[in-house]
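Asker: Contents of data_18.cif (mmCIF, C-alpha atoms) are given next:
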data_model
#
loop_
_atom_site.label_atom_id
_atom_site.label_comp_id
_atom_site.auth_asym_id
_atom_site.auth_seq_id
_atom_site.Cartn_x
_atom_site.Cartn_y
_atom_site.Cartn_z
CA MET G 99 127.09 97.45 99.52
CA ALA G 100 124.04 95.97 101.24
CA VAL G 101 120.65 97.54 100.68
CA ARG G 102 119.54 99.04 104.00
CA ALA G 103 115.98 99.31 105.26
CA CYS G 104 114.47 100.23 108.61
CA GLY G 105 111.09 99.78 110.21
CA LEU G 106 109.02 99.42 113.34
CA ILE G 107 107.44 96.32 114.80
CA ILE G 108 104.24 97.84 116.14
CA TYR G 109 102.03 96.26 118.76
CA ARG G 110 98.95 97.20 120.73
CA ARG G 111 97.53 95.95 123.99
CA LEU G 112 93.84 95.20 124.01
CA GLN G 113 91.80 95.76 127.14
CA SER G 114 91.59 92.30 128.61
CA ALA G 115 89.81 90.61 131.44
CA PRO G 116 91.70 90.93 134.74
CA SER G 117 92.18 87.14 134.89
CA SER G 118 93.92 86.87 131.51
CA LYS G 119 97.66 87.17 131.04
CA VAL G 120 98.85 90.54 129.72
CA THR G 121 100.75 88.84 126.90
CA ASP G 122 97.48 87.34 125.60
CA SER G 123 96.23 90.85 124.87
CA ILE G 124 99.16 91.83 122.61
CA GLU G 125 98.57 92.12 118.86
CA TYR G 126 101.12 92.92 116.16
CA LEU G 127 100.52 95.05 113.07
CA LEU G 128 101.38 93.43 109.72
CA LEU G 129 100.86 95.01 106.30
CA GLN G 130 100.29 93.03 103.09
CA THR G 131 102.25 94.29 100.11
CA SER G 132 100.34 95.12 96.93
CA TYR G 133 103.26 93.91 94.80
CA GLY G 134 105.24 90.70 94.28
CA THR G 135 104.11 87.76 96.39
CA HIS G 136 101.84 89.96 98.56
CA HIS G 137 103.85 89.05 101.63
CA TRP G 138 103.06 90.38 105.11
CA THR G 139 105.56 92.55 106.94
CA PRO G 140 105.83 95.31 109.54
CA PRO G 141 106.14 98.81 108.04
CA LYS G 142 109.67 99.33 106.72
CA GLY G 143 111.58 100.87 103.84
CA HIS G 144 114.85 102.09 102.42
CA VAL G 145 116.95 104.74 104.12
CA ASP G 146 116.87 108.06 102.24
CA PRO G 147 120.03 110.19 101.89
CA GLY G 148 120.61 112.33 104.99
CA GLU G 149 118.31 110.22 107.18
CA ASP G 150 119.38 108.18 110.16
CA ASP G 151 117.97 104.69 110.63
CA LEU G 152 115.37 105.57 113.25
CA GLN G 153 114.12 108.55 111.21
CA THR G 154 113.63 106.13 108.32
CA ALA G 155 111.65 103.72 110.50
CA PHE G 156 109.28 106.49 111.63
CA ARG G 157 108.94 107.99 108.12
CA GLU G 158 108.15 104.62 106.57
CA THR G 159 105.59 103.90 109.30
CA ARG G 160 103.94 107.26 108.60
CA GLU G 161 103.94 106.67 104.83
CA GLU G 162 102.85 103.01 104.90
CA ALA G 163 100.45 102.89 107.87
CA GLY G 164 99.50 106.54 108.41
CA LEU G 165 100.87 106.50 111.96
CA GLN G 166 102.65 109.55 113.34
CA ALA G 167 105.59 109.22 115.75
CA SER G 168 103.43 111.00 118.36
CA GLN G 169 100.94 108.09 118.23
CA LEU G 170 103.63 105.56 119.16
CA THR G 171 105.84 104.87 122.15
CA LEU G 172 109.30 103.61 121.19
CA ILE G 173 110.24 100.74 123.52
CA GLU G 174 113.71 101.11 124.98
CA GLY G 175 116.10 98.19 124.84
CA TYR G 176 114.91 96.43 121.68
CA LYS G 177 116.53 96.65 118.26
CA LYS G 178 116.89 93.82 115.77
CA GLU G 179 119.04 93.61 112.67
CA LEU G 180 118.15 91.05 109.99
CA HIS G 181 120.37 90.10 107.05
CA TYR G 182 119.12 88.26 103.97
CA PRO G 183 119.57 88.27 100.19
CA VAL G 184 117.03 89.93 97.89
CA ARG G 185 117.42 89.11 94.19
CA GLY G 186 120.98 88.02 94.88
CA LYS G 187 122.00 91.20 96.72
CA PRO G 188 122.52 91.46 100.48
CA LYS G 189 119.88 93.37 102.43
CA THR G 190 119.97 94.62 106.01
CA VAL G 191 116.74 95.47 107.81
CA ILE G 192 116.74 97.10 111.24
CA TYR G 193 113.61 96.99 113.38
CA TRP G 194 112.72 98.86 116.52
CA LEU G 195 109.74 98.11 118.72
CA ALA G 196 106.89 100.56 119.28
CA GLU G 197 103.58 100.43 121.11
CA MET G 198 100.41 102.15 119.94
CA LYS G 199 99.37 104.77 122.50
CA ASP G 200 95.71 104.28 121.53
CA CYS G 201 94.85 100.76 120.37
CA ASN G 202 91.92 102.12 118.31
CA THR G 203 93.99 104.47 116.14
CA GLU G 204 93.07 104.11 112.47
CA ILE G 205 95.60 102.55 110.08
CA LYS G 206 95.77 104.34 106.70
CA LEU G 207 97.53 102.27 104.04
CA SER G 208 99.54 103.68 101.14
CA GLU G 209 99.47 102.25 97.62
CA GLU G 210 102.35 99.95 98.60
CA HIS G 211 100.00 97.80 100.70
CA GLN G 212 96.59 96.32 100.09
CA ALA G 213 95.62 95.11 103.57
CA PHE G 214 96.60 95.14 107.22
CA GLN G 215 95.90 92.89 110.18
CA TRP G 216 96.32 93.12 113.94
CA LEU G 217 97.41 89.61 114.91
CA LYS G 218 98.22 87.68 118.05
CA LEU G 219 101.69 86.12 118.05
CA GLU G 220 100.71 82.71 116.67
CA ASP G 221 98.74 84.18 113.75
CA ALA G 222 101.37 86.86 113.09
CA CYS G 223 103.95 84.09 112.69
CA LYS G 224 101.67 82.29 110.20
CA PHE G 225 101.21 85.47 108.15
CA ALA G 226 104.93 86.35 108.24
CA GLU G 227 106.22 83.56 106.01
CA TYR G 228 109.93 84.26 106.46
CA GLU G 229 111.56 82.30 109.27
CA ASP G 230 113.71 85.21 110.44
CA MET G 231 110.60 87.42 110.77
CA GLN G 232 108.78 84.68 112.69
CA ALA G 233 111.77 84.32 115.01
CA THR G 234 111.90 88.11 115.47
CA LEU G 235 108.21 88.27 116.42
CA LYS G 236 108.71 85.48 118.96
CA GLU G 237 111.76 87.27 120.34
CA VAL G 238 109.79 90.52 120.64
CA HIS G 239 107.02 88.68 122.46
CA GLN G 240 109.52 87.16 124.91
CA PHE G 241 111.05 90.60 125.43
CA LEU G 242 107.62 92.08 126.21
CA CYS G 243 106.75 89.18 128.54
CA SER G 244 109.99 89.66 130.45
CA LYS G 245 109.13 93.33 131.02
CA GLU G 246 105.80 92.54 132.71
#
Could you express the structure from this file as structure tokens?
Answerer:
Amino acid sequence: MAVRACGLIIYRRLQSAPSSKVTDSIEYLLLQTSYGTHHWTPPKGHVDPGEDDLQTAFRETREEAGLQASQLTLIEGYKKELHYPVRGKPKTVIYWLAEMKDCNTEIKLSEEHQAFQWLKLEDACKFAEYEDMQATLKEVHQFLCSKE
């Protein structure tokens, strides 16, 4: 049985000059773990008994980044499932996409993370070392660009 985790890829739009492209003003939230290799990842975590996947994604975001569901807008039409092994066991991670309603909302980290960054796509891909996460961020960016 694969380990199952769910999370949200969270982005914000900065107020930008009228001449700049909208996609240039998008930043993604990544959290740095305070354990293991201190990797950077969107908020995510394991599904608790009795929870559905989306409830897990919102709960983990609240626990890890201090963000309430009411502070986010879930973006329709995007859901990504990643599959990879962790310590020899299969893991499935499902991500949804959410936009910050207020780009200045404070992030409050739990003990599971030691830092956070708001990053433009290129930097977010550098911080997210795993290829499938980099590909997912690029896919999200394309998805957002196509909605403009």
Asker: If I take atom CA of Gly105 of chain G and atom CA of Asp122 of chain G, how far is one from the other in Å, to one decimal?
Answerer: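 Straight-line distance from atom CA of Gly105 of chain G to atom CA of Asp122 of chain G works out to 24.0 Å.
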Asker: Under the PyMOL selection byres ((chain G and resi 234) around 12), which residues of this model are included? Write them out as an MDAnalysis selection string.
Answerer: chainID G and resid 106:107 126 139:140 176:180 191:195 219 222:223 226:233 235:241
Asker: Which one of G:Thr135, G:Gln113, G:Gln130, G:Thr203 sits closest to Gln169 of chain G if you count only C-alpha atoms?
Answerer: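 Going through G:Thr135, G:Gln113, G:Gln130, G:Thr203 one by one, the smallest distance to Gln169 of chain G is for G:Thr203.
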Asker: Can you tell me how far atom CA of Ser132 of chain G sits from atom CA of Glu209 of chain G, in Å to one decimal?
Answerer: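 Separation of atom CA of Ser132 of chain G and atom CA of Glu209 of chain G: 7.2 Å.
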Asker: Ranking G:Ile173, G:Val145, G:Leu207, G:Ala155 by minimum distance to Arg102 of chain G and counting only C-alpha atoms, which one comes first?
Answerer: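 Closest to Arg102 of chain G, using only C-alpha atoms: G:Val145.
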Asker: Can you rebuild segment 166-177 of chain G with all heavy atoms and give it as a PDB file, in the coordinates of the input?
Answerer:
ATOM      1  N   GLN G 166     101.671 108.521 112.995  1.00  0.00           N
ATOM      2  CA  GLN G 166     102.650 109.550 113.340  1.00  0.00           C
ATOM      3  C   GLN G 166     103.499 109.059 114.522  1.00  0.00           C
ATOM      4  O   GLN G 166     103.022 108.271 115.355  1.00  0.00           O
ATOM      5  CB  GLN G 166     101.942 110.846 113.748  1.00  0.00           C
ATOM      6  CG  GLN G 166     100.977 111.382 112.711  1.00  0.00           C
ATOM      7  CD  GLN G 166     101.657 111.750 111.402  1.00  0.00           C
ATOM      8  OE1 GLN G 166     102.773 112.242 111.387  1.00  0.00           O
ATOM      9  NE2 GLN G 166     100.970 111.496 110.295  1.00  0.00           N
ATOM     10  N   ALA G 167     104.715 109.572 114.629  1.00  0.00           N
ATOM     11  CA  ALA G 167     105.590 109.220 115.750  1.00  0.00           C
ATOM     12  C   ALA G 167     104.903 109.527 117.090  1.00  0.00           C
ATOM     13  O   ALA G 167     105.068 108.797 118.064  1.00  0.00           O
ATOM     14  CB  ALA G 167     106.915 109.966 115.648  1.00  0.00           C
ATOM     15  N   SER G 168     104.100 110.594 117.118  1.00  0.00           N
ATOM     16  CA  SER G 168     103.430 111.000 118.360  1.00  0.00           C
ATOM     17  C   SER G 168     102.360 109.999 118.803  1.00  0.00           C
ATOM     18  O   SER G 168     101.920 110.023 119.945  1.00  0.00           O
ATOM     19  CB  SER G 168     102.778 112.376 118.175  1.00  0.00           C
ATOM     20  OG  SER G 168     101.807 112.325 117.135  1.00  0.00           O
ATOM     21  N   GLN G 169     101.953 109.097 117.899  1.00  0.00           N
ATOM     22  CA  GLN G 169     100.940 108.090 118.230  1.00  0.00           C
ATOM     23  C   GLN G 169     101.560 106.785 118.732  1.00  0.00           C
ATOM     24  O   GLN G 169     100.846 105.843 119.064  1.00  0.00           O
ATOM     25  CB  GLN G 169     100.074 107.793 116.994  1.00  0.00           C
ATOM     26  CG  GLN G 169      99.270 108.999 116.538  1.00  0.00           C
ATOM     27  CD  GLN G 169      98.569 108.744 115.210  1.00  0.00           C
ATOM     28  OE1 GLN G 169      99.207 108.491 114.198  1.00  0.00           O
ATOM     29  NE2 GLN G 169      97.258 108.814 115.228  1.00  0.00           N
ATOM     30  N   LEU G 170     102.893 106.770 118.792  1.00  0.00           N
ATOM     31  CA  LEU G 170     103.630 105.560 119.160  1.00  0.00           C
ATOM     32  C   LEU G 170     104.571 105.831 120.327  1.00  0.00           C
ATOM     33  O   LEU G 170     105.059 106.948 120.492  1.00  0.00           O
ATOM     34  CB  LEU G 170     104.461 105.078 117.965  1.00  0.00           C
ATOM     35  CG  LEU G 170     103.682 104.744 116.686  1.00  0.00           C
ATOM     36  CD1 LEU G 170     104.628 104.675 115.500  1.00  0.00           C
ATOM     37  CD2 LEU G 170     102.924 103.444 116.858  1.00  0.00           C
ATOM     38  N   THR G 171     104.827 104.806 121.102  1.00  0.00           N
ATOM     39  CA  THR G 171     105.840 104.870 122.150  1.00  0.00           C
ATOM     40  C   THR G 171     106.964 103.914 121.759  1.00  0.00           C
ATOM     41  O   THR G 171     106.736 102.703 121.648  1.00  0.00           O
ATOM     42  CB  THR G 171     105.260 104.433 123.522  1.00  0.00           C
ATOM     43  OG1 THR G 171     104.169 105.286 123.843  1.00  0.00           O
ATOM     44  CG2 THR G 171     106.319 104.508 124.606  1.00  0.00           C
ATOM     45  N   LEU G 172     108.146 104.456 121.517  1.00  0.00           N
ATOM     46  CA  LEU G 172     109.300 103.610 121.190  1.00  0.00           C
ATOM     47  C   LEU G 172     109.721 102.873 122.459  1.00  0.00           C
ATOM     48  O   LEU G 172     109.866 103.484 123.512  1.00  0.00           O
ATOM     49  CB  LEU G 172     110.445 104.478 120.666  1.00  0.00           C
ATOM     50  CG  LEU G 172     111.585 103.731 119.986  1.00  0.00           C
ATOM     51  CD1 LEU G 172     111.123 103.085 118.685  1.00  0.00           C
ATOM     52  CD2 LEU G 172     112.745 104.668 119.715  1.00  0.00           C
ATOM     53  N   ILE G 173     109.891 101.562 122.358  1.00  0.00           N
ATOM     54  CA  ILE G 173     110.240 100.740 123.520  1.00  0.00           C
ATOM     55  C   ILE G 173     111.756 100.641 123.631  1.00  0.00           C
ATOM     56  O   ILE G 173     112.416 100.155 122.715  1.00  0.00           O
ATOM     57  CB  ILE G 173     109.600  99.339 123.415  1.00  0.00           C
ATOM     58  CG1 ILE G 173     108.081  99.444 123.224  1.00  0.00           C
ATOM     59  CG2 ILE G 173     109.959  98.490 124.626  1.00  0.00           C
ATOM     60  CD1 ILE G 173     107.326 100.187 124.306  1.00  0.00           C
ATOM     61  N   GLU G 174     112.262 101.133 124.747  1.00  0.00           N
ATOM     62  CA  GLU G 174     113.710 101.110 124.980  1.00  0.00           C
ATOM     63  C   GLU G 174     114.220  99.676 125.091  1.00  0.00           C
ATOM     64  O   GLU G 174     113.533  98.807 125.598  1.00  0.00           O
ATOM     65  CB  GLU G 174     114.045 101.855 126.284  1.00  0.00           C
ATOM     66  CG  GLU G 174     113.788 103.346 126.226  1.00  0.00           C
ATOM     67  CD  GLU G 174     114.728 104.068 125.268  1.00  0.00           C
ATOM     68  OE1 GLU G 174     115.930 103.742 125.255  1.00  0.00           O
ATOM     69  OE2 GLU G 174     114.232 104.933 124.527  1.00  0.00           O
ATOM     70  N   GLY G 175     115.421  99.459 124.598  1.00  0.00           N
ATOM     71  CA  GLY G 175     116.100  98.190 124.840  1.00  0.00           C
ATOM     72  C   GLY G 175     115.861  97.112 123.796  1.00  0.00           C
ATOM     73  O   GLY G 175     116.346  96.000 123.938  1.00  0.00           O
ATOM     74  N   TYR G 176     115.093  97.434 122.729  1.00  0.00           N
ATOM     75  CA  TYR G 176     114.910  96.430 121.680  1.00  0.00           C
ATOM     76  C   TYR G 176     115.265  97.010 120.318  1.00  0.00           C
ATOM     77  O   TYR G 176     114.738  98.048 119.916  1.00  0.00           O
ATOM     78  CB  TYR G 176     113.482  95.877 121.622  1.00  0.00           C
ATOM     79  CG  TYR G 176     113.414  94.701 120.662  1.00  0.00           C
ATOM     80  CD1 TYR G 176     113.686  93.417 121.099  1.00  0.00           C
ATOM     81  CD2 TYR G 176     113.171  94.892 119.315  1.00  0.00           C
ATOM     82  CE1 TYR G 176     113.703  92.346 120.218  1.00  0.00           C
ATOM     83  CE2 TYR G 176     113.189  93.823 118.421  1.00  0.00           C
ATOM     84  CZ  TYR G 176     113.458  92.562 118.886  1.00  0.00           C
ATOM     85  OH  TYR G 176     113.503  91.513 117.997  1.00  0.00           O
ATOM     86  N   LYS G 177     116.160  96.310 119.634  1.00  0.00           N
ATOM     87  CA  LYS G 177     116.530  96.650 118.260  1.00  0.00           C
ATOM     88  C   LYS G 177     117.027  95.369 117.624  1.00  0.00           C
ATOM     89  O   LYS G 177     117.804  94.630 118.227  1.00  0.00           O
ATOM     90  CB  LYS G 177     117.643  97.713 118.280  1.00  0.00           C
ATOM     91  CG  LYS G 177     118.094  98.171 116.911  1.00  0.00           C
ATOM     92  CD  LYS G 177     119.169  99.250 117.077  1.00  0.00           C
ATOM     93  CE  LYS G 177     119.871  99.559 115.795  1.00  0.00           C
ATOM     94  NZ  LYS G 177     120.993 100.482 115.987  1.00  0.00           N
TER      95      LYS G 177
END
